[in-house]
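Shown next, in structure tokens, is the structure this report addresses.
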Amino acid sequence: MDVYLDPRSGRTYPLDARRWQGDDGAPLTVAPRPGIGPEGIETSTRSLWRYRAAIPGAISRPVTLGEGCTPLVEKRWGDHDVHFKLEWFNPSGSFKDRGSSVMLSLLAQAGVESVVEDSSGNGGSSVAAYCAAANIRARILVPEATSPAKVLQARAYGAEVALVPGDRTATSAQAIREARTTAYASHNWHPFFLQGIKTLAYELWEDLGFTAPDVVVTVAGAGSIVLGCDLGFSELLAAGHIDRLPRLLVAQPERCAPIHAAFQGGGAMEFGPTIAEGTAIRAPVRLAEVVDAIRRSGGDTVAIPEDDIIAATRRLAGVGLYAEPTSASAAAAIDVFTAGGAIRPGERAVAILTGSGLKSAAAMGRLFA
């Protein structure tokens, strides 16, 4: 029987679409589930719902826009061949659609009619898209400095978008206050969001001929890709379908790198504005769990300077990959991890490109003017 689990205390709770935290305020996940094998994939389904057997909640009518099944493109990057997972081919233009589809499917099945969500951009536009598909009213709170293209997209889906004065932390605090009276469709807090993100692990496994890559390189803000990969690959490992976890190699911008600081054992760090706006989260709610997942995989972290993020954005575009600066941080990290030996010669490396450059039109305009 599926239950919510507080990994910090071990306490469990019944599955409840409206519950997004423990009674003591701790973040929750779904208790470990059995992984599925190739025979469990619905091969006739062209979306992440081909892995429906791995998703809890007995969701009978998924809210889907065809998310998942994104391209995996091999490119030469420096001295290494890298598979780039192009997550901007999801319907709203970012990997967040995986989590939104599963989370909103659960909320819709429970009869929820309106939600609130807070975001620095991509999460909000993704939740707005799936609320439109589910006929659920959405109120999206974003920091006042959010990219206009992301604000426009959420509004285009029919969501009410409110610009909150201050930074990402202030926006989150406002959403939590509003969540006292409205269902909280939070891509950072809701346990079912991670159940959608974990399909990325299943999809990479299928993409690579039912084997795991040696390393997965990703950028992290709240760390949902790290946690989703940990969930999905751990299920596959427990079921005997892979023989080891891929090492999770995680990039953050140097100006906002709390996960990197915690993993490396550093002290307090200073924060500043970064072109990688999607990762500008000073206090990730699942920080301890993200650090544990990286360690469990034998992975590592790096903080990327702004100039290197900009250079990687331009370099990706030069090989045909129009990635927003946030996701280009992962490409910049490949060079660092290769030089340091975290990516070894001959290993199969996957880099997750999380969002399209179309998401950050103003920043991309400045880079390519």
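Order determines the names: the first chain of the structure tokens is A, the second B, and so forth; residues in each chain are numbered 1 upward, and ligands are numbered 1 upward as they are shown.
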
- [ ] Taking the chain letters and numbering used in this document, name the residues of region 291-346 of chain A that DSSP puts in strand (DSSP E), as an NGL selection string.
- [x] :A and (300-304)

TODO: Compile the contact shell of Lys150 (chain A) as a ChimeraX atom specification: residues with an atom at most 8 Å away, counting only C-alpha atoms, same-chain residues fewer than 6 positions apart removed.
DONE: /A:121-122,125,359-360

- [ ] Name all residues at most 12 Å from Ser100 (chain A) (count only C-alpha atoms; drop same-chain ones fewer than 5 positions away) and give them as a PyMOL selection string.
- [x] chain A and resi 48+62-68+90-92+94-95+105-108+117+122-134+185-188+190-197

Open item on the list: Report, in Å to a single decimal, how far apart CA of Arg247 (chain A) and CA of Ser297 (chain A) are.
Closed with: 4.8 Å

TODO: Work out how far CA of Ala17 (chain A) is from CA of Val3 (chain A), in Å to one decimal.
DONE: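 We find that CA of Val3 (chain A) and CA of Ala17 (chain A) lie 11.5 Å from each other.
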
Task: Neighbour list for Ile55 (chain A) as a ChimeraX atom specification, cut-off 12 Å, only C-alpha atoms, skip fewer than 2 positions in-chain - done: /A:2,30-36,40-41,48-53,57-60,62,98-99,101-103,105-106,191-199,202,231-232,235

Task: From A:His260, A:His241, A:Arg177, A:Arg8, residue lying nearest Ala283 (chain A) [only C-alpha atoms] - done: A:His260

Open item on the list: When DSSP is applied to the backbone of this structure, which of region 11-194 of chain A are assigned helix (DSSP H, G or I)? Write them out as an MDAnalysis selection string.
Closed with: chainID A and resid 38:40 48:54 87:89 96:109 122:134 148:156 168:178 191:194

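Among the candidate residues A:Trp205, A:Thr279, A:Gly37, A:Arg286, the one lying nearest to Gly240 (chain A) is A:Gly37, with distances computed using only C-alpha atoms.
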
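Of the listed residues (A:Phe89, A:Ala239, A:Glu306, A:Val164), A:Phe89 comes nearest to Leu358 (chain A); the distances count only C-alpha atoms.
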
Task: Interatomic distance, CA of Leu72 (chain A) to CA of Leu248 (chain A) (Å, one decimal) - done: 17.6 Å

Open item on the list: Using only C-alpha atoms, which protein or nucleic acid residues come within 9 Å of region 337-346 of chain A? Drop anything in the same chain fewer than 2 positions from it, and give the result as a ChimeraX atom specification.
Closed with: /A:79-81,214-215,247,249,299-302,333-335,348-349

With C-alpha atoms retained, export the selected residues as a short mmCIF file (atom, residue, chain, number, x, y, z; two decimals), in the first residue's frame.
```cif
data_model
loop_
_atom_site.label_atom_id
_atom_site.label_comp_id
_atom_site.auth_asym_id
_atom_site.auth_seq_id
_atom_site.Cartn_x
_atom_site.Cartn_y
_atom_site.Cartn_z
CA ASP A 79 37.09 15.39 -25.29
CA HIS A 80 33.97 13.44 -24.35
CA ASP A 81 30.91 12.11 -26.15
CA ASP A 214 27.51 5.94 -15.78
CA VAL A 215 26.88 9.58 -14.86
CA ARG A 247 26.71 9.02 -10.30
CA LEU A 249 27.00 15.25 -10.87
CA GLY A 299 28.41 11.88 -7.16
CA ASP A 300 29.79 15.37 -6.79
CA THR A 301 28.89 19.07 -7.10
CA VAL A 302 30.42 22.18 -8.64
CA ALA A 333 29.91 21.52 -15.55
CA ILE A 334 30.85 18.73 -17.96
CA ASP A 335 34.23 20.39 -18.52
CA ARG A 348 28.49 7.01 -20.82
CA ALA A 349 27.48 10.47 -19.68
#
```

Task: Within 10 Å of Ala201 (chain A) using only C-alpha atoms, minus same-chain residues under 4 positions, as a list in words - done: Ile197, Trp205, Glu206, Asp207, Ala212, Pro213, Val216, Ile225, Gly228, Cys229, Asp230, Leu231, Gly232, Phe233, Ser234, Glu235, Leu236 and Pro246 of chain A

TODO: Could you give me, as a VMD selection string, the residues within 9 Å of Thr274 (chain A), counting only C-alpha atoms and dropping anything in the same chain fewer than 5 positions from it?
DONE: chain A and resid 253 to 256 279 to 280 306

Task: Selected residue, from A:Ala154, A:Arg168, A:Glu203, A:Ala162, that lies nearest to Ser47 (chain A) when counting only C-alpha atoms - done: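 Among the listed residues, A:Glu203 lies closest to Ser47 (chain A).
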
Open item on the list: When you count only C-alpha atoms, which of these residues is closest to Arg314 (chain A): A:Ala262, A:Leu237, A:Ala145, A:Leu367?
Closed with: A:Leu367

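Restricting the calculation to only C-alpha atoms, the smallest distance between Asp308 (chain A) and any of A:Ala332, A:Arg295, A:Val285, A:Leu152 is found for A:Ala332.
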